[in-house]
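Data from run-v1.csv: CSV, C-alpha atoms
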```csv
chain,number,residue,atom,x,y,z
G,193,MET,CA,-15.2,-8.1,24.0
G,194,ARG,CA,-14.1,-6.6,20.6
G,195,VAL,CA,-12.0,-3.4,20.9
G,196,TYR,CA,-10.5,-1.3,18.2
G,197,VAL,CA,-7.0,0.0,18.8
G,198,PRO,CA,-5.8,3.0,16.9
G,199,LEU,CA,-2.3,2.9,15.5
G,200,THR,CA,-0.1,4.1,12.7
G,201,LEU,CA,1.8,1.9,10.2
G,202,SER,CA,5.0,2.3,12.2
G,203,GLY,CA,3.0,1.4,15.4
G,204,LEU,CA,1.7,-1.7,13.6
G,205,ALA,CA,5.3,-2.6,12.6
G,206,GLU,CA,6.4,-2.3,16.2
G,207,ALA,CA,3.5,-4.5,17.4
G,208,TYR,CA,4.5,-7.1,14.8
G,209,LYS,CA,8.1,-7.1,15.9
G,210,THR,CA,7.3,-7.3,19.7
G,211,GLY,CA,4.1,-9.5,19.4
G,212,GLU,CA,2.0,-7.1,21.4
G,213,LEU,CA,0.0,-3.9,20.9
G,214,GLY,CA,1.1,-2.6,24.2
G,215,SER,CA,1.6,-3.6,27.8
G,216,GLY,CA,-1.4,-1.5,29.0
G,217,PRO,CA,-3.2,0.5,29.9
G,218,LEU,CA,-4.0,0.9,26.2
G,219,VAL,CA,-6.5,3.3,24.7
G,220,ALA,CA,-9.0,1.6,22.4
G,221,TYR,CA,-12.6,2.0,21.3
G,222,ALA,CA,-15.6,-0.3,21.8
G,223,VAL,CA,-19.3,-0.4,22.0
G,224,THR,CA,-19.9,1.4,25.3
G,225,PRO,CA,-23.2,2.5,26.8
G,226,ALA,CA,-22.5,6.1,25.8
G,227,LEU,CA,-21.7,5.0,22.2
G,228,ARG,CA,-25.0,3.1,22.1
G,229,GLU,CA,-26.9,6.1,23.3
G,230,TRP,CA,-25.2,8.5,20.9
G,231,TYR,CA,-25.5,6.2,17.8
G,232,LEU,CA,-29.1,5.2,18.6
G,233,SER,CA,-29.0,1.7,17.2
G,234,GLU,CA,-29.4,-1.7,18.5
G,235,ASP,CA,-27.7,-3.3,15.5
G,236,ILE,CA,-24.3,-4.6,16.9
G,237,GLU,CA,-22.6,-4.4,13.5
G,238,GLU,CA,-23.6,-0.8,13.1
G,239,LEU,CA,-22.4,0.0,16.6
G,240,GLU,CA,-19.0,-1.8,16.0
G,241,TYR,CA,-18.6,0.2,12.8
G,242,ALA,CA,-19.2,3.4,14.8
G,243,ALA,CA,-16.5,2.2,17.3
G,244,LEU,CA,-14.2,1.4,14.4
G,245,ASN,CA,-14.7,5.0,13.1
G,246,ARG,CA,-14.0,6.5,16.5
G,247,ALA,CA,-10.7,4.5,16.5
G,248,ALA,CA,-9.9,5.7,13.0
G,249,LEU,CA,-10.3,9.3,14.2
G,250,ALA,CA,-7.9,8.5,17.1
G,251,SER,CA,-5.5,7.1,14.5
G,252,LEU,CA,-5.7,10.4,12.7
G,253,ARG,CA,-4.7,12.1,15.9
G,254,LEU,CA,-1.7,9.9,16.2
G,255,LEU,CA,-0.7,10.8,12.6
G,256,ALA,CA,-1.1,14.5,13.4
G,257,ALA,CA,1.3,14.1,16.3
G,258,ASP,CA,3.9,12.2,14.3
G,259,GLY,CA,5.0,14.1,11.2
G,260,GLU,CA,7.1,11.1,10.1
G,261,ALA,CA,4.4,8.5,10.0
G,262,VAL,CA,2.9,7.3,6.7
G,263,ARG,CA,-0.4,9.1,6.2
G,264,ARG,CA,-2.7,6.1,6.5
G,265,ARG,CA,-5.0,5.4,9.4
G,266,VAL,CA,-4.6,2.0,11.1
G,267,VAL,CA,-7.0,0.3,13.4
G,268,VAL,CA,-6.5,-3.2,14.9
G,269,ALA,CA,-9.6,-5.1,15.9
G,270,VAL,CA,-8.8,-7.2,19.0
G,271,ASP,CA,-10.8,-9.6,21.2
G,272,VAL,CA,-10.1,-9.1,24.9
G,273,PRO,CA,-11.6,-10.8,27.9
G,274,ASP,CA,-14.8,-9.2,29.3
G,275,GLY,CA,-13.8,-6.8,32.0
G,276,ALA,CA,-10.3,-6.1,30.5
G,277,ALA,CA,-11.7,-2.9,28.9
G,278,THR,CA,-13.2,-0.2,31.0
G,279,SER,CA,-14.6,3.2,30.2
G,280,ASP,CA,-14.3,6.4,32.3
G,281,PRO,CA,-17.8,7.2,33.6
G,282,ASP,CA,-16.7,10.8,34.2
G,283,ARG,CA,-16.1,11.2,30.4
G,284,ALA,CA,-19.4,9.4,29.4
G,285,LEU,CA,-20.9,12.7,28.1
G,286,ASP,CA,-17.7,14.0,26.5
G,287,SER,CA,-18.2,13.7,22.7
G,288,ALA,CA,-14.5,13.3,22.2
G,289,ALA,CA,-14.5,10.2,24.4
G,290,LEU,CA,-17.4,8.3,22.9
G,291,GLY,CA,-16.6,4.7,22.8
G,292,GLU,CA,-13.2,5.2,24.4
G,293,VAL,CA,-12.0,2.4,26.7
G,294,TRP,CA,-8.8,1.5,28.6
G,295,VAL,CA,-7.5,-2.0,28.2
G,296,SER,CA,-5.5,-3.2,31.2
G,297,GLY,CA,-2.6,-5.6,30.9
G,298,PRO,CA,-0.7,-6.6,27.8
G,299,VAL,CA,-2.6,-7.0,24.5
G,300,PRO,CA,-1.0,-9.8,22.4
G,301,LEU,CA,-1.1,-9.2,18.7
G,302,ALA,CA,-2.1,-12.8,18.4
G,303,LYS,CA,-5.6,-11.8,19.8
G,304,ALA,CA,-6.1,-9.5,16.8
G,305,ALA,CA,-9.1,-10.5,14.6
G,306,ALA,CA,-8.3,-8.1,11.7
G,307,VAL,CA,-6.5,-5.0,10.7
G,308,HIS,CA,-8.1,-2.0,9.0
G,309,VAL,CA,-5.9,0.4,7.0
G,310,ASP,CA,-6.4,3.2,4.5
G,311,ALA,CA,-5.8,2.5,0.8
G,312,GLY,CA,-3.0,4.5,-0.8
G,313,ASP,CA,-5.4,6.8,-2.6
G,314,ALA,CA,-6.5,8.1,0.8
G,315,GLU,CA,-3.1,9.5,1.7
G,316,ALA,CA,-3.7,13.0,0.3
G,317,ASP,CA,-7.0,13.4,2.2
G,318,VAL,CA,-5.6,11.9,5.4
G,319,THR,CA,-2.6,14.2,5.2
G,320,ALA,CA,-4.8,17.2,4.8
G,321,ALA,CA,-7.1,16.0,7.7
G,322,ALA,CA,-4.1,15.5,10.0
G,323,GLU,CA,-3.0,19.1,9.3
G,324,ALA,CA,-6.5,20.5,9.8
G,325,LEU,CA,-7.2,18.6,13.0
G,326,VAL,CA,-6.1,21.3,15.5
G,327,ALA,CA,-8.2,24.0,13.7
G,328,ALA,CA,-11.2,21.6,13.5
G,329,ASP,CA,-10.9,21.0,17.3
G,330,GLY,CA,-10.9,24.7,17.8
G,331,GLY,CA,-14.3,25.0,16.0
G,332,ASP,CA,-13.1,25.9,12.4
G,333,ASP,CA,-15.9,24.6,10.2
G,334,ASP,CA,-13.7,24.6,7.1
G,335,ALA,CA,-11.1,22.6,8.9
G,336,GLN,CA,-13.8,20.2,10.1
G,337,PHE,CA,-14.9,19.7,6.5
G,338,VAL,CA,-11.3,18.7,5.6
G,339,VAL,CA,-11.2,16.2,8.6
G,340,ASP,CA,-14.5,14.8,7.5
G,341,GLY,CA,-12.9,14.2,4.0
G,342,ALA,CA,-10.7,11.6,5.5
G,343,GLU,CA,-13.7,9.8,6.9
G,344,ASP,CA,-15.1,9.5,3.3
G,345,HIS,CA,-12.4,6.8,2.8
G,346,GLU,CA,-13.4,3.4,4.0
G,347,LEU,CA,-10.6,1.5,5.8
G,348,LEU,CA,-9.7,-1.7,4.0
G,349,TRP,CA,-9.9,-5.0,5.9
G,350,PHE,CA,-6.8,-7.2,6.2
G,351,ALA,CA,-6.4,-10.6,7.8
G,352,THR,CA,-3.9,-10.9,10.6
G,353,GLN,CA,-1.7,-13.1,8.3
G,354,GLU,CA,-1.3,-10.0,6.1
G,355,ILE,CA,0.3,-7.8,8.8
G,356,ALA,CA,3.8,-8.6,7.7
G,357,THR,CA,3.1,-7.2,4.2
G,358,LEU,CA,1.5,-4.0,5.5
```

Could you show the structure in this file as structure tokens?
Amino acid sequence: MRVYVPLTLSGLAEAYKTGELGSGPLVAYAVTPALREWYLSEDIEELEYAALNRAALASLRLLAADGEAVRRRVVVAVDVPDGAATSDPDRALDSAALGEVWVSGPVPLAKAAAVHVDAGDAEADVTAAAEALVAADGGDDDAQFVVDGAEDHELLWFATQEIATL
């Protein structure tokens, strides 16, 4: 099963140093039944892109919580065994938890398929979005517009061999 793990660049550096994304349970995003229902598509590539975007929003939340982190969203695509990722059925209808799964056990970085990171030109919009996140969560439409501005930036794709240079 492909899961998308939200990180920051410092979190990616730590994963590179230790060789694992975490010892579990680890929050990630995947194509879940609730995500399928919300996105209304049977195209697996579109559904995986939606899960990737959910992970990018979670990465933005990590940035908002860490004022020292470089303002670039980071998502690691990882293949885990079927059954290693589970969703919380009690949160299936919670829009904030769409696609959210918990991965049990350690997640070796060697299982990563790719890394997705913002380009440098996204930093200003990502910074503004991280600062506006709390207000957007509170229902402020102007703040939500700012948060959505970060989503206008496509995450770049990097091979796992490029992690060291990131």

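As for CA of Leu348 in chain G and CA of Ala311 in chain G, they are spaced 6.6 Å apart.
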
Open item on the list: So that I can check the surroundings of range 242-250 of chain G, please list as JSON, numbers by chain every protein, DNA and RNA residue that reaches within 6 Å of it, counting only C-alpha atoms and ignoring chain neighbours fewer than 6 positions away.
Closed with: {"G": [196, 198, 221, 222]}

Task: Selection: 12 Å around Gly259 in chain G, only C-alpha atoms, excl. self and same-chain fewer than 4 positions, as a PyMOL selection string - done: chain G and resi 200+202+252-255+263+319+322-323

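The residue set within 12 Å of Ala328 in chain G, counting only C-alpha atoms and dropping same-chain residues fewer than 6 places from it, reads Arg253, Ala320, Ala321, Ala322, Asp334, Ala335, Gln336, Phe337, Val338, Val339 and Asp340 of chain G.
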
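Computed from the coordinates, the CA of Asp313 in chain G to CA of His345 in chain G distance equals 8.8 Å.
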
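Taking only C-alpha atoms into account, Tyr241 in chain G lies nearest to G:Leu347 out of the set G:Ala276, G:Leu301, G:Leu347, G:Val295.
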
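Distance-wise, CA of Ser215 in chain G and CA of Ala269 in chain G end up 16.4 Å apart.
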
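Checking G:Val268, G:Ala277, G:Ala327, G:Ala302 one by one against Pro217 in chain G, counting all atoms listed in the file, you find the shortest gap at G:Ala277.
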
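Among the candidate residues G:Ala226, G:Pro298, G:Val307, G:Arg264, the one lying nearest to Pro281 in chain G is G:Ala226, with distances computed using only C-alpha atoms.
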
Residues within 7 Å of Leu201 in chain G, please, as an mmCIF file with C-alpha atoms, in the coordinates of the input. Count only C-alpha atoms; anything in the same chain fewer than 3 positions from it doesn't count.
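Printed below is part_15.cif as written:
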```
data_model
loop_
_atom_site.group_PDB
_atom_site.id
_atom_site.type_symbol
_atom_site.label_atom_id
_atom_site.label_comp_id
_atom_site.auth_asym_id
_atom_site.auth_seq_id
_atom_site.Cartn_x
_atom_site.Cartn_y
_atom_site.Cartn_z
ATOM 1 C CA LEU G 204 1.700 -1.700 13.600
ATOM 2 C CA ALA G 205 5.300 -2.600 12.600
ATOM 3 C CA VAL G 262 2.900 7.300 6.700
ATOM 4 C CA VAL G 266 -4.600 2.000 11.100
#
```

Task: Nearest-residue call for Val299 in chain G, choices G:Gly330, G:Asp280, G:Val219, G:Leu358, using only C-alpha atoms - done: G:Val219

Task: Top pick for closest residue to Asp271 in chain G, considering G:Leu239, G:Ala256, G:Val318, G:Ala305 and counting only C-alpha atoms - done: G:Ala305

- [ ] Determine, counting all atoms listed in the file, which protein, DNA and RNA residues have an atom within 12 Å of an atom of Ser296 in chain G; residues of the same chain fewer than 4 positions away are not included. Present the result as a list in words.
- [x] Leu213, Gly214, Ser215, Gly216, Pro217, Leu218, Val219, Ala220, Val272, Pro273, Asp274, Gly275, Ala276, Ala277, Thr278, Ser279 and Pro300 of chain G

Some atoms are absent from range 329-353 of chain G, so rebuild N, CA, C and O atoms and return them as a compact mmCIF listing (two decimals), in the frame of the given file.
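out_4.txt was written with the following content:
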```
# COMPACT_ATOMS: atom_id res chain seq x y z
N ASP G 329 -10.63 21.07 15.83
CA ASP G 329 -10.90 21.00 17.30
C ASP G 329 -11.24 22.32 17.88
O ASP G 329 -11.98 22.41 18.85
N GLY G 330 -10.69 23.38 17.28
CA GLY G 330 -10.90 24.70 17.80
C GLY G 330 -12.23 25.34 17.24
O GLY G 330 -12.55 26.49 17.54
N GLY G 331 -12.99 24.57 16.45
CA GLY G 331 -14.30 25.00 16.00
C GLY G 331 -14.30 25.57 14.55
O GLY G 331 -15.33 26.08 14.10
N ASP G 332 -13.21 25.47 13.83
CA ASP G 332 -13.10 25.90 12.40
C ASP G 332 -13.93 24.97 11.55
O ASP G 332 -13.54 23.81 11.36
N ASP G 333 -15.05 25.44 11.00
CA ASP G 333 -15.90 24.60 10.20
C ASP G 333 -15.24 24.14 8.88
O ASP G 333 -15.46 23.01 8.44
N ASP G 334 -14.44 25.00 8.29
CA ASP G 334 -13.70 24.60 7.10
C ASP G 334 -12.74 23.49 7.36
O ASP G 334 -12.60 22.53 6.59
N ALA G 335 -12.04 23.60 8.47
CA ALA G 335 -11.10 22.60 8.90
C ALA G 335 -11.83 21.26 9.18
O ALA G 335 -11.36 20.17 8.83
N GLN G 336 -13.00 21.37 9.80
CA GLN G 336 -13.80 20.20 10.10
C GLN G 336 -14.21 19.47 8.82
O GLN G 336 -14.23 18.24 8.74
N PHE G 337 -14.52 20.25 7.80
CA PHE G 337 -14.90 19.70 6.50
C PHE G 337 -13.71 18.87 5.93
O PHE G 337 -13.89 17.79 5.37
N VAL G 338 -12.49 19.38 6.11
CA VAL G 338 -11.30 18.70 5.60
C VAL G 338 -11.10 17.38 6.43
O VAL G 338 -10.81 16.32 5.85
N VAL G 339 -11.28 17.44 7.74
CA VAL G 339 -11.20 16.20 8.60
C VAL G 339 -12.21 15.21 8.16
O VAL G 339 -11.91 14.02 8.04
N ASP G 340 -13.42 15.67 7.93
CA ASP G 340 -14.50 14.80 7.50
C ASP G 340 -14.15 14.11 6.15
O ASP G 340 -14.61 13.00 5.86
N GLY G 341 -13.35 14.78 5.33
CA GLY G 341 -12.90 14.20 4.00
C GLY G 341 -12.17 12.93 4.19
O GLY G 341 -12.29 12.03 3.36
N ALA G 342 -11.39 12.81 5.24
CA ALA G 342 -10.70 11.60 5.50
C ALA G 342 -11.65 10.43 5.82
O ALA G 342 -11.45 9.28 5.43
N GLU G 343 -12.72 10.79 6.51
CA GLU G 343 -13.70 9.80 6.90
C GLU G 343 -14.50 9.26 5.68
O GLU G 343 -15.16 8.23 5.78
N ASP G 344 -14.43 9.96 4.56
CA ASP G 344 -15.10 9.50 3.30
C ASP G 344 -14.38 8.24 2.78
O ASP G 344 -14.95 7.53 1.96
N HIS G 345 -13.16 7.99 3.22
CA HIS G 345 -12.40 6.80 2.80
C HIS G 345 -12.68 5.65 3.74
O HIS G 345 -12.43 5.77 4.94
N GLU G 346 -13.16 4.56 3.20
CA GLU G 346 -13.40 3.40 4.00
C GLU G 346 -12.04 2.70 4.28
O GLU G 346 -11.20 2.60 3.38
N LEU G 347 -11.84 2.26 5.49
CA LEU G 347 -10.60 1.50 5.80
C LEU G 347 -10.77 0.11 5.18
O LEU G 347 -11.84 -0.50 5.22
N LEU G 348 -9.68 -0.37 4.61
CA LEU G 348 -9.70 -1.70 4.00
C LEU G 348 -9.46 -2.74 5.12
O LEU G 348 -8.81 -2.47 6.13
N TRP G 349 -10.00 -3.92 4.91
CA TRP G 349 -9.90 -5.00 5.90
C TRP G 349 -8.74 -5.92 5.46
O TRP G 349 -8.62 -6.29 4.29
N PHE G 350 -7.90 -6.28 6.43
CA PHE G 350 -6.80 -7.20 6.20
C PHE G 350 -6.85 -8.30 7.26
O PHE G 350 -7.09 -8.02 8.44
N ALA G 351 -6.58 -9.52 6.84
CA ALA G 351 -6.40 -10.60 7.80
C ALA G 351 -5.15 -10.45 8.57
O ALA G 351 -4.20 -9.80 8.09
N THR G 352 -5.10 -11.02 9.75
CA THR G 352 -3.90 -10.90 10.60
C THR G 352 -2.67 -11.48 9.92
O THR G 352 -1.55 -11.03 10.17
N GLN G 353 -2.86 -12.46 9.04
CA GLN G 353 -1.70 -13.10 8.30
C GLN G 353 -1.09 -12.08 7.36
O GLN G 353 0.03 -12.31 6.91
```
